[in-house]
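Student: Input file: input.txt. Contents: compact mmCIF, C-alpha atoms and all ligand atoms.
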```txt
# COMPACT_ATOMS: atom_id res chain seq x y z
CA MET W 1 -36.81 113.04 -265.81
CA PRO W 2 -39.49 115.34 -264.45
CA MET W 3 -37.82 118.40 -263.00
CA ASN W 4 -39.84 119.42 -259.99
CA THR W 5 -36.90 119.70 -257.65
CA PRO W 6 -36.41 122.89 -255.64
CA HIS W 7 -33.80 125.29 -256.98
CA SER W 8 -31.96 125.13 -253.71
CA MET W 9 -30.45 121.70 -254.49
CA ARG W 10 -26.68 121.70 -254.20
CA ILE W 11 -26.08 118.23 -255.50
CA TRP W 12 -28.16 117.07 -258.44
CA LEU W 13 -29.01 113.58 -259.55
CA SER W 14 -27.47 113.84 -263.01
CA PRO W 15 -26.64 117.38 -264.14
CA PRO W 16 -25.06 118.15 -267.54
CA HIS W 17 -21.26 117.88 -267.54
CA LEU W 18 -19.68 120.14 -270.13
CA SER W 19 -16.33 119.28 -271.69
CA GLY W 20 -15.25 122.86 -272.39
CA ARG W 21 -15.12 122.27 -276.14
CA GLU W 22 -18.84 122.75 -276.81
CA GLY W 23 -18.21 126.44 -277.61
CA THR W 24 -15.76 125.58 -280.38
CA PHE W 25 -18.29 123.51 -282.27
CA ILE W 26 -21.07 126.06 -281.65
CA ASN W 27 -18.83 128.91 -282.85
CA ASP W 28 -17.96 127.02 -286.02
CA ALA W 29 -21.67 126.72 -286.69
CA LEU W 30 -22.27 130.40 -285.93
CA GLU W 31 -19.35 131.63 -288.02
CA SER W 32 -20.39 129.59 -291.03
CA ASN W 33 -23.98 130.86 -290.51
CA TRP W 34 -24.99 127.21 -290.20
CA VAL W 35 -27.29 127.60 -287.23
CA ALA W 36 -30.18 125.56 -288.51
CA PRO W 37 -31.62 123.22 -289.34
CA LEU W 38 -29.19 120.52 -290.42
CA GLY W 39 -25.56 120.96 -291.41
CA PRO W 40 -22.06 119.59 -290.90
CA ASN W 41 -22.28 119.07 -287.12
CA VAL W 42 -25.31 116.82 -287.59
CA ASP W 43 -23.52 114.80 -290.30
CA HIS W 44 -20.42 114.46 -288.12
CA LEU W 45 -22.40 113.51 -285.03
CA GLU W 46 -24.20 110.80 -287.01
CA GLU W 47 -20.89 109.43 -288.32
CA GLU W 48 -19.31 109.47 -284.87
CA LEU W 49 -22.32 107.76 -283.29
CA SER W 50 -22.25 105.18 -286.04
CA SER W 51 -18.60 104.39 -285.38
CA ILE W 52 -19.04 104.26 -281.57
CA THR W 53 -22.16 102.06 -281.63
CA GLY W 54 -21.38 100.07 -284.76
CA SER W 55 -24.88 100.88 -286.03
CA PRO W 56 -24.60 101.24 -289.83
CA GLN W 57 -27.28 103.96 -289.88
CA VAL W 58 -27.82 106.77 -287.37
CA VAL W 59 -30.40 109.55 -287.70
CA CYS W 60 -30.10 112.42 -285.23
CA LEU W 61 -33.45 113.77 -284.04
CA SER W 62 -34.87 116.38 -281.71
CA SER W 63 -35.44 113.85 -278.89
CA GLY W 64 -35.41 110.20 -277.93
CA THR W 65 -39.20 110.36 -277.83
CA ALA W 66 -39.22 111.47 -281.50
CA ALA W 67 -36.95 108.52 -282.34
CA LEU W 68 -39.38 106.10 -280.66
CA HIS W 69 -42.30 107.70 -282.49
CA LEU W 70 -40.61 107.35 -285.90
CA ALA W 71 -39.53 103.76 -285.19
CA LEU W 72 -43.14 102.83 -284.44
CA ILE W 73 -44.37 104.58 -287.60
CA LEU W 74 -41.73 102.78 -289.70
CA LEU W 75 -42.91 99.45 -288.27
CA GLY W 76 -46.43 100.30 -289.41
CA VAL W 77 -47.92 100.65 -285.92
CA GLY W 78 -51.36 102.25 -286.11
CA LEU W 79 -54.87 102.46 -284.72
CA GLY W 80 -55.89 99.36 -282.76
CA ASP W 81 -52.47 97.69 -282.85
CA GLU W 82 -50.78 96.45 -279.69
CA VAL W 83 -47.17 97.10 -278.70
CA ILE W 84 -45.46 95.29 -275.83
CA VAL W 85 -43.59 97.74 -273.57
CA GLN W 86 -41.43 97.18 -270.51
CA SER W 87 -43.49 98.46 -267.59
CA PHE W 88 -40.55 99.53 -265.45
CA THR W 89 -39.49 102.69 -267.30
CA PHE W 90 -40.10 106.38 -267.90
CA ALA W 91 -43.42 107.33 -269.55
CA ALA W 92 -41.55 108.52 -272.67
CA THR W 93 -41.04 104.85 -273.64
CA ALA W 94 -44.80 104.30 -273.88
CA ASN W 95 -46.28 107.66 -274.90
CA PRO W 96 -45.47 107.39 -278.64
CA VAL W 97 -47.47 104.15 -278.85
CA HIS W 98 -50.50 106.20 -277.85
CA TYR W 99 -49.67 109.04 -280.29
CA LEU W 100 -50.49 106.45 -282.95
CA GLY W 101 -53.76 105.24 -281.45
CA ALA W 102 -52.18 101.90 -280.58
CA GLN W 103 -52.44 100.13 -277.22
CA THR W 104 -49.57 99.50 -274.79
CA VAL W 105 -49.31 96.02 -273.27
CA PHE W 106 -47.04 96.11 -270.23
CA VAL W 107 -44.57 93.42 -269.25
CA ASP W 108 -42.92 93.35 -265.82
CA SER W 109 -39.23 92.93 -264.96
CA GLU W 110 -36.90 90.12 -263.92
CA PRO W 111 -34.52 90.41 -260.97
CA SER W 112 -31.11 90.11 -262.66
CA THR W 113 -31.27 93.32 -264.76
CA TRP W 114 -34.57 94.84 -263.59
CA ASN W 115 -35.58 94.93 -267.26
CA MET W 116 -38.19 93.05 -269.32
CA SER W 117 -38.82 89.50 -268.12
CA PRO W 118 -38.51 87.03 -271.03
CA VAL W 119 -40.81 84.62 -269.18
CA LEU W 120 -43.58 87.20 -268.95
CA LEU W 121 -42.89 88.39 -272.50
CA GLN W 122 -43.54 84.87 -273.78
CA GLU W 123 -46.69 84.66 -271.65
CA ALA W 124 -47.91 88.05 -272.86
CA ILE W 125 -47.46 87.21 -276.54
CA SER W 126 -49.26 83.87 -276.33
CA ASP W 127 -52.07 85.44 -274.32
CA ARG W 128 -52.47 88.32 -276.80
CA ILE W 129 -52.64 85.81 -279.66
CA ARG W 130 -55.26 83.80 -277.75
CA ARG W 131 -57.39 86.86 -276.98
CA ARG W 132 -57.00 88.85 -280.18
CA GLY W 133 -56.00 86.35 -282.83
CA ARG W 134 -53.09 88.55 -283.89
CA LEU W 135 -49.56 89.42 -282.91
CA PRO W 136 -48.38 92.55 -281.14
CA LYS W 137 -46.70 94.84 -283.70
CA ALA W 138 -43.48 95.50 -281.74
CA ILE W 139 -41.63 94.83 -278.50
CA ILE W 140 -39.89 97.65 -276.60
CA PRO W 141 -37.38 96.48 -273.98
CA VAL W 142 -35.46 99.17 -272.06
CA HIS W 143 -31.88 99.17 -270.76
CA LEU W 144 -32.91 100.98 -267.61
CA TYR W 145 -30.38 103.08 -265.70
CA GLY W 146 -27.83 101.81 -268.23
CA MET W 147 -28.17 98.11 -267.35
CA PRO W 148 -28.56 96.01 -270.51
CA ALA W 149 -31.71 93.86 -270.69
CA LEU W 150 -31.67 90.07 -271.29
CA MET W 151 -31.44 90.63 -275.04
CA ASP W 152 -30.48 87.05 -276.02
CA GLU W 153 -33.66 85.66 -274.49
CA ILE W 154 -35.87 88.56 -275.64
CA GLN W 155 -34.54 88.30 -279.19
CA ALA W 156 -35.06 84.53 -279.32
CA ILE W 157 -38.74 85.02 -278.44
CA ALA W 158 -39.14 87.95 -280.84
CA ARG W 159 -37.57 85.92 -283.65
CA TRP W 160 -39.78 82.91 -282.96
CA TYR W 161 -42.90 85.05 -283.40
CA ASP W 162 -41.30 87.35 -285.96
CA ILE W 163 -42.07 90.51 -283.97
CA PRO W 164 -39.65 93.45 -284.43
CA ILE W 165 -37.79 94.93 -281.44
CA ILE W 166 -37.25 98.61 -280.69
CA GLU W 167 -34.51 98.89 -278.05
CA ASP W 168 -34.98 101.88 -275.78
CA ALA W 169 -31.31 102.66 -275.12
CA ALA W 170 -32.05 106.25 -274.04
CA GLU W 171 -30.25 105.66 -270.73
CA SER W 172 -27.59 103.22 -271.89
CA LEU W 173 -25.22 104.88 -274.37
CA GLY W 174 -21.85 103.27 -273.60
CA SER W 175 -23.33 100.04 -272.17
CA THR W 176 -22.51 96.72 -273.84
CA ILE W 177 -23.35 93.02 -273.85
CA ARG W 178 -20.21 90.97 -274.60
CA GLY W 179 -18.71 94.12 -276.09
CA GLU W 180 -21.70 94.85 -278.31
CA PRO W 181 -23.31 98.27 -277.69
CA THR W 182 -26.94 98.37 -276.57
CA GLY W 183 -29.40 99.70 -279.14
CA THR W 184 -27.89 97.82 -282.09
CA ARG W 185 -29.62 94.44 -281.90
CA GLY W 186 -33.25 95.31 -282.49
CA GLU W 187 -34.75 96.50 -285.78
CA PHE W 188 -34.38 99.94 -284.21
CA GLY W 189 -32.47 101.44 -281.32
CA VAL W 190 -33.22 104.75 -279.61
CA LEU W 191 -30.77 107.11 -277.89
CA SER W 192 -31.50 110.27 -275.91
CA PHE W 193 -29.30 113.34 -275.42
CA ASN W 194 -31.63 115.04 -272.96
CA GLY W 195 -29.98 117.25 -270.34
CA ASN W 196 -29.86 114.59 -267.64
CA LYS W 197 -28.49 111.73 -269.76
CA ILE W 198 -24.87 110.53 -269.85
CA ILE W 199 -24.15 112.97 -272.67
CA THR W 200 -26.38 115.81 -273.81
CA THR W 201 -27.05 118.07 -276.80
CA SER W 202 -29.26 120.19 -274.46
CA GLY W 203 -32.09 118.15 -275.99
CA GLY W 204 -31.95 115.55 -278.73
CA GLY W 205 -31.93 111.90 -279.64
CA ALA W 206 -31.04 109.41 -282.34
CA LEU W 207 -32.53 106.49 -284.19
CA LEU W 208 -30.24 103.51 -284.89
CA THR W 209 -30.96 100.95 -287.60
CA ARG W 210 -29.22 98.58 -289.98
CA SER W 211 -31.62 99.48 -292.79
CA GLU W 212 -30.57 102.23 -295.19
CA HIS W 213 -34.16 102.44 -296.41
CA ALA W 214 -35.54 102.88 -292.87
CA ALA W 215 -32.94 105.58 -292.15
CA SER W 216 -33.84 107.53 -295.28
CA MET W 217 -37.56 107.18 -294.49
CA ALA W 218 -36.85 108.47 -290.96
CA ARG W 219 -35.04 111.52 -292.41
CA PHE W 220 -37.93 112.10 -294.81
CA LEU W 221 -40.59 111.92 -292.08
CA ALA W 222 -38.49 114.04 -289.69
CA THR W 223 -38.31 116.93 -292.18
CA GLN W 224 -42.05 117.33 -292.89
CA ALA W 225 -42.21 114.53 -295.48
CA ARG W 226 -41.47 116.69 -298.52
CA ASP W 227 -41.85 114.79 -301.76
CA PRO W 228 -39.20 115.52 -304.40
CA ALA W 229 -40.54 118.59 -306.26
CA PRO W 230 -39.40 122.22 -306.70
CA HIS W 231 -42.47 123.40 -304.78
CA TYR W 232 -43.59 121.78 -301.51
CA GLU W 233 -45.46 118.59 -302.41
CA HIS W 234 -46.84 116.28 -299.68
CA SER W 235 -48.44 112.86 -299.77
CA THR W 236 -47.58 111.70 -296.23
CA VAL W 237 -47.97 113.22 -292.75
CA GLY W 238 -44.59 114.62 -291.70
CA TYR W 239 -42.89 115.80 -288.53
CA ASN W 240 -40.38 118.44 -287.53
CA TYR W 241 -38.04 116.12 -285.70
CA ARG W 242 -34.48 116.81 -286.90
CA LEU W 243 -31.69 117.93 -284.60
CA SER W 244 -30.34 121.44 -285.12
CA ASN W 245 -26.74 122.03 -286.19
CA ILE W 246 -26.10 123.99 -282.95
CA ALA W 247 -27.38 121.17 -280.73
CA ALA W 248 -25.34 118.66 -282.73
CA GLY W 249 -22.24 120.81 -282.09
CA ILE W 250 -22.77 120.41 -278.35
CA GLY W 251 -23.25 116.68 -278.95
CA ARG W 252 -19.91 116.31 -280.76
CA ALA W 253 -17.98 117.82 -277.86
CA GLN W 254 -19.95 115.64 -275.43
CA LEU W 255 -19.51 112.44 -277.41
CA ASP W 256 -15.72 112.90 -277.44
CA MET W 257 -15.89 112.52 -273.66
CA LEU W 258 -18.20 109.49 -273.56
CA GLU W 259 -15.54 107.01 -272.42
CA HIS W 260 -14.52 109.31 -269.57
CA ARG W 261 -18.15 109.85 -268.56
CA VAL W 262 -18.81 106.12 -268.44
CA ALA W 263 -15.62 105.56 -266.42
CA ALA W 264 -16.58 108.34 -263.99
CA ARG W 265 -20.12 107.02 -263.45
CA ARG W 266 -18.83 103.48 -262.99
CA ALA W 267 -16.33 104.73 -260.40
CA ILE W 268 -19.15 106.53 -258.57
CA TYR W 269 -21.18 103.30 -258.57
CA ARG W 270 -18.20 101.32 -257.20
CA ARG W 271 -17.69 103.77 -254.37
CA TYR W 272 -21.35 103.67 -253.31
CA GLN W 273 -21.24 99.90 -253.47
CA ARG W 274 -17.96 99.66 -251.55
CA ASP W 275 -19.13 101.97 -248.74
CA LEU W 276 -22.77 100.86 -248.47
CA GLY W 277 -22.90 97.41 -250.03
CA GLU W 278 -21.67 95.55 -246.91
CA ILE W 279 -24.47 96.97 -244.76
CA PRO W 280 -27.30 94.46 -244.32
CA GLY W 281 -30.54 95.38 -246.07
CA ILE W 282 -28.83 97.53 -248.70
CA THR W 283 -28.66 96.03 -252.18
CA PHE W 284 -27.03 97.16 -255.43
CA LEU W 285 -27.54 95.69 -258.90
CA ASP W 286 -24.48 93.73 -260.04
CA GLU W 287 -23.69 93.21 -263.70
CA ARG W 288 -24.27 89.79 -265.25
CA ALA W 289 -21.26 88.04 -266.81
CA GLY W 290 -20.38 89.76 -270.09
CA TYR W 291 -22.54 92.79 -269.27
CA LEU W 292 -21.21 96.32 -268.91
CA SER W 293 -23.52 99.07 -267.61
CA ASN W 294 -22.68 102.73 -268.12
CA ARG W 295 -24.11 103.17 -264.60
CA TRP W 296 -26.04 106.22 -265.77
CA LEU W 297 -27.64 106.30 -262.33
CA THR W 298 -26.56 104.33 -259.28
CA THR W 299 -29.64 102.66 -257.84
CA VAL W 300 -29.94 101.13 -254.39
CA LEU W 301 -32.63 99.14 -252.57
CA PHE W 302 -33.41 99.50 -248.86
CA ASP W 303 -34.94 96.32 -247.45
CA GLU W 304 -37.97 97.29 -245.38
CA GLU W 305 -37.65 94.16 -243.24
CA VAL W 306 -34.29 95.43 -242.05
CA TRP W 307 -34.79 99.19 -242.08
CA GLY W 308 -38.53 99.50 -241.50
CA GLU W 309 -41.37 100.67 -243.67
CA LEU W 310 -40.69 103.57 -246.03
CA ALA W 311 -36.94 103.41 -245.33
CA ARG W 312 -36.41 104.66 -248.87
CA GLU W 313 -38.48 107.78 -248.15
CA ARG W 314 -36.58 108.41 -244.92
CA VAL W 315 -33.33 108.44 -246.84
CA ARG W 316 -34.73 110.54 -249.68
CA ARG W 317 -36.08 113.19 -247.30
CA ALA W 318 -32.90 113.30 -245.24
CA LEU W 319 -30.91 113.89 -248.44
CA ALA W 320 -33.38 116.55 -249.65
CA THR W 321 -33.02 118.38 -246.32
CA ALA W 322 -29.29 118.49 -247.00
CA GLU W 323 -30.06 119.86 -250.50
CA ILE W 324 -29.10 116.62 -252.18
CA GLU W 325 -31.37 115.38 -254.97
CA SER W 326 -32.27 111.70 -255.06
CA ARG W 327 -35.33 110.08 -256.58
CA PRO W 328 -37.43 106.93 -256.21
CA LEU W 329 -36.95 104.41 -259.02
CA TRP W 330 -39.39 104.75 -261.94
CA LYS W 331 -42.98 104.08 -260.98
CA PRO W 332 -44.04 101.14 -263.17
CA LEU W 333 -46.22 102.31 -266.05
CA HIS W 334 -48.87 99.68 -265.29
CA LEU W 335 -49.45 101.59 -262.02
CA GLN W 336 -49.77 104.99 -263.72
CA PRO W 337 -53.31 106.41 -264.00
CA LEU W 338 -52.58 107.32 -267.63
CA PHE W 339 -52.19 103.67 -268.60
CA ALA W 340 -54.91 102.17 -266.39
CA ASP W 341 -56.60 100.58 -269.42
CA SER W 342 -53.50 98.80 -270.73
CA PRO W 343 -53.25 95.02 -270.37
CA ARG W 344 -50.39 94.01 -268.08
CA TYR W 345 -48.41 90.88 -267.29
CA GLU W 346 -46.95 91.38 -263.84
CA ASN W 347 -44.98 89.52 -261.21
CA GLY W 348 -44.67 92.22 -258.53
CA ILE W 349 -40.96 92.85 -259.20
CA SER W 350 -41.14 96.39 -260.60
CA GLU W 351 -43.64 97.33 -257.91
CA GLN W 352 -41.24 96.09 -255.24
CA LEU W 353 -38.32 97.97 -256.86
CA PHE W 354 -40.41 101.14 -256.92
CA SER W 355 -41.31 100.92 -253.25
CA THR W 356 -37.79 100.24 -251.95
CA GLY W 357 -35.44 101.74 -254.54
CA LEU W 358 -33.67 105.08 -254.77
CA CYS W 359 -31.55 106.72 -257.49
CA LEU W 360 -28.47 108.38 -255.99
CA PRO W 361 -26.59 111.40 -257.36
CA SER W 362 -24.45 109.96 -260.15
CA GLY W 363 -23.34 112.91 -262.30
CA SER W 364 -19.91 112.40 -263.83
CA ALA W 365 -18.71 115.67 -262.24
CA LEU W 366 -19.71 114.58 -258.71
CA ARG W 367 -16.77 115.32 -256.41
CA PRO W 368 -15.41 112.70 -253.96
CA VAL W 369 -16.15 114.95 -250.95
CA GLU W 370 -19.72 115.33 -252.14
CA GLN W 371 -20.12 111.59 -252.55
CA GLU W 372 -18.67 111.06 -249.08
CA GLU W 373 -21.26 113.42 -247.63
CA ILE W 374 -24.07 111.62 -249.45
CA ILE W 375 -22.90 108.26 -248.11
CA GLU W 376 -22.63 109.57 -244.53
CA ARG W 377 -26.10 111.06 -244.69
CA ILE W 378 -27.60 107.84 -246.02
CA ILE W 379 -26.06 105.87 -243.15
CA ALA W 380 -27.22 108.46 -240.61
CA ALA W 381 -30.76 108.49 -242.01
CA LEU W 382 -31.00 104.72 -241.69
CA MET W 383 -29.36 104.29 -238.31
CA TYR W 384 -30.49 107.35 -236.39
CA SER W 385 -33.96 108.19 -237.65
C1 LIG K 1 -35.02 110.04 -271.44
C2 LIG K 1 -35.74 108.81 -271.84
C3 LIG K 1 -36.52 108.76 -273.00
C4 LIG K 1 -36.87 109.97 -273.82
O1 LIG K 1 -35.83 110.68 -274.33
P1 LIG K 1 -36.03 112.25 -274.61
O2 LIG K 1 -34.81 112.61 -275.38
O3 LIG K 1 -36.10 112.92 -273.28
O4 LIG K 1 -37.28 112.41 -275.40
C5 LIG K 1 -37.09 107.56 -273.38
N1 LIG K 1 -36.92 106.46 -272.64
C6 LIG K 1 -36.19 106.46 -271.50
C7 LIG K 1 -36.02 105.18 -270.76
C8 LIG K 1 -35.59 107.64 -271.06
O5 LIG K 1 -34.91 107.65 -269.91
```
Would you give me this structure, written as C-alpha cells?
Ligand SMILES: *Cc1c(COP(=O)(O)O)cnc(C)c1O
Tutor:
Amino acid sequence: MPMNTPHSMRIWLSPPHLSGREGTFINDALESNWVAPLGPNVDHLEEELSSITGSPQVVCLSSGTAALHLALILLGVGLGDEVIVQSFTFAATANPVHYLGAQTVFVDSEPSTWNMSPVLLQEAISDRIRRRGRLPKAIIPVHLYGMPALMDEIQAIARWYDIPIIEDAAESLGSTIRGEPTGTRGEFGVLSFNGNKIITTSGGGALLTRSEHAASMARFLATQARDPAPHYEHSTVGYNYRLSNIAAGIGRAQLDMLEHRVAARRAIYRRYQRDLGEIPGITFLDERAGYLSNRWLTTVLFDEEVWGELARERVRRALATAEIESRPLWKPLHLQPLFADSPRYENGISEQLFSTGLCLPSGSALRPVEQEEIIERIIAALMYS
C-alpha cells in the first residue's frame, strides 16, 4: 500500500508483526556467511510454502510484482496482447502487463466477494473476440483483502476459452475455498511478503505453479537468464528477481506463525462485526459457504443514505485525528488516470465500494483496548458529527 501516512500514527492499518524468532534465522545466515543471494533459507521457505499451500512448485522472488511479471512472461504475453485484470485492486496487479507492452482490459466486481464478476468476464471475453478476432492472453482475478474470488465460475469460463489464469493471492495467504488454498488453482499463483501483508520478509513474493518446467524457467529468468556455460552467456533478457537468503530467514520465522496470524485477524474481524454490524447502514462482507478469508484487512461500508454523503470520509478523518490509520478501499483501476486508455467492462460495483468503503486497522498485534477505541470513535464520528 502507498505509505503517505503521517509518522504520528499510533495505530497502523497493518504493521509488521514479528515473531521474535526472525533473528535466529538471520543469525544462521550471517554466521554461515550466507547473506546473499540464494541459500538454505530460500530453499526451506520454498519447501514450507509448498507444504502449506499444496503448490508442487514455489519460487521465492523479490516481490509479488516480480512474480506477476514472470508469470506473464512465461505465458508469452507481449506487445499488443490483451490481459483481463480485475479492476478492483492495487495497481501492482496491473502494472506488469504494461511492462510488457500489453494492454489491460478491466473487469468489475460482483457483490458476494467484491472480486471479479464471472458475468462481466464472460462478456469481456466475447466482446474482445468480436472486436479483435483473438483471445486475451491471460486472466488475473484477485482475492482482495483475503476474500477468495468466485474461482469455480471464473475457471469454468477460462477453461471454455482455454485462457490461462494468474491468481493474484498477494493478500490472501491462508485463505481457502473448501479447504483449498488460494493461489493454487490457476496456471500461476502470486504471493506477496511486503511489509503490510499477513506475513512479511520485509519485501518479497513467490510464484506458485504445478509445472516444474515453468518453475525452472522462472528461476532462470529471475537470476539474469544465464545460459549454462563457464563464462556468462546470454540469449534471453533476464531479471534480478530472486529473494535474498536474509529476507527468506525473516520469512521462515513469519511463516511459522501464519495460523496464529490468520486466527488473530479473523478474531479482529469478528469483533468489528459484532460491535458495529448491528448498526443500520454499516455493512461487512460475510464469507460464502465453504470460503475462508484470512481477513487480511477488515473492510466496512457506510451507507450514504443512512449516514449522509461522504460518511466514509467523516469516519476516516475522525480516526486520523485520533492518530488511527484507516484507508478507503482500493480505487478501481478503470478510474485511475494511468489506465484511462484500457477497455473496461463495468457494473458500478467497485465504484460504489470505493466511495463508501473503509479498511480498518487489522494488524495481528492490535490490542483489544485499541480496537475498542477504534470502534467507539467510529460510532462517535457517525452519530455526533
Ligand atoms: C501487495 C500486492 C501486490 C504486490 O506485491 P509486492 O510484493 O508489494 O510487489 C500485488 N497485488 C496485490 C493485490 C497486492 O495487495
Student: Using all atoms listed in the file for the distances, tell me which of W:Ser19, W:Ser51, W:Ser8, W:Asn95 is nearest to ligand LIG 1 (chain K).
Tutor: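 Under the stated criterion, the closest residue is W:Asn95.
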Student: All residues within 7 Å of ligand LIG 1 (chain K) are required, counting only C-alpha atoms and all ligand atoms; please report them as a ChimeraX atom specification.
Tutor: /W:1,63-66,89-90,92-93,142,144,168-171,192-194,197,203-205
Student: Which one is closest to W:Glu376: W:Leu301, W:Tyr272, W:Ala248, W:Ala214? Count all atoms listed in the file.
Tutor: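 Nearest to W:Glu376: W:Tyr272.
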Student: Could you build a table of the residues in stretch 80-180 of chain W lying no more than 10 Å from stretch 283-290 of chain W, giving for each the nearest pair of atoms and their separation in Å rounded to one decimal place, using all atoms listed in the file, ordered by chain and ascending residue number, as a tab-separated table?
Tutor:
```
residue	atom	partner	partner_atom	distance
W:Pro111	CA	W:Leu285	CA	9.0
W:Ser112	CA	W:Arg288	CA	7.3
W:Thr113	CA	W:Leu285	CA	7.3
W:Trp114	CA	W:Leu285	CA	8.5
W:Met147	CA	W:Glu287	CA	7.6
W:Pro148	CA	W:Glu287	CA	8.8
W:Leu150	CA	W:Arg288	CA	9.6
W:Thr176	CA	W:Gly290	CA	8.2
W:Ile177	CA	W:Gly290	CA	5.8
W:Arg178	CA	W:Gly290	CA	4.7
W:Gly179	CA	W:Gly290	CA	7.6
W:Glu180	CA	W:Gly290	CA	9.8
```
Student: Okay, now the selection with C-alpha atoms, as a CSV table (one decimal), in the coordinates of the input?
Tutor:
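Output below, filename selection.csv:
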```csv
chain,number,residue,atom,x,y,z
W,111,PRO,CA,-34.5,90.4,-261.0
W,112,SER,CA,-31.1,90.1,-262.7
W,113,THR,CA,-31.3,93.3,-264.8
W,114,TRP,CA,-34.6,94.8,-263.6
W,147,MET,CA,-28.2,98.1,-267.4
W,148,PRO,CA,-28.6,96.0,-270.5
W,150,LEU,CA,-31.7,90.1,-271.3
W,176,THR,CA,-22.5,96.7,-273.8
W,177,ILE,CA,-23.4,93.0,-273.8
W,178,ARG,CA,-20.2,91.0,-274.6
W,179,GLY,CA,-18.7,94.1,-276.1
W,180,GLU,CA,-21.7,94.8,-278.3
```
Student: Let me make sure I understand: among W:Gln57, W:Ser202, W:Thr298, W:Thr356, which one has the smallest atom-to-atom distance to W:Phe188 if we use all atoms listed in the file?
Tutor: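 Once distances to W:Phe188 are computed over all atoms listed in the file, the minimum belongs to W:Gln57.
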Student: Considering only C-alpha atoms, state which residue in the set W:Val369, W:Ala149, W:Leu333, W:Ile375 is at the smallest distance from W:Glu346.
Tutor: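 Between W:Val369, W:Ala149, W:Leu333, W:Ile375, the residue approaching W:Glu346 most closely is W:Leu333.
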Student: Using only C-alpha atoms for the distances, tell me which of W:Arg295, W:His69, W:Arg10, W:Lys331 is nearest to W:Ser172.
Tutor: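 Checking each of W:Arg295, W:His69, W:Arg10, W:Lys331 against W:Ser172, counting only C-alpha atoms, the winner is W:Arg295.
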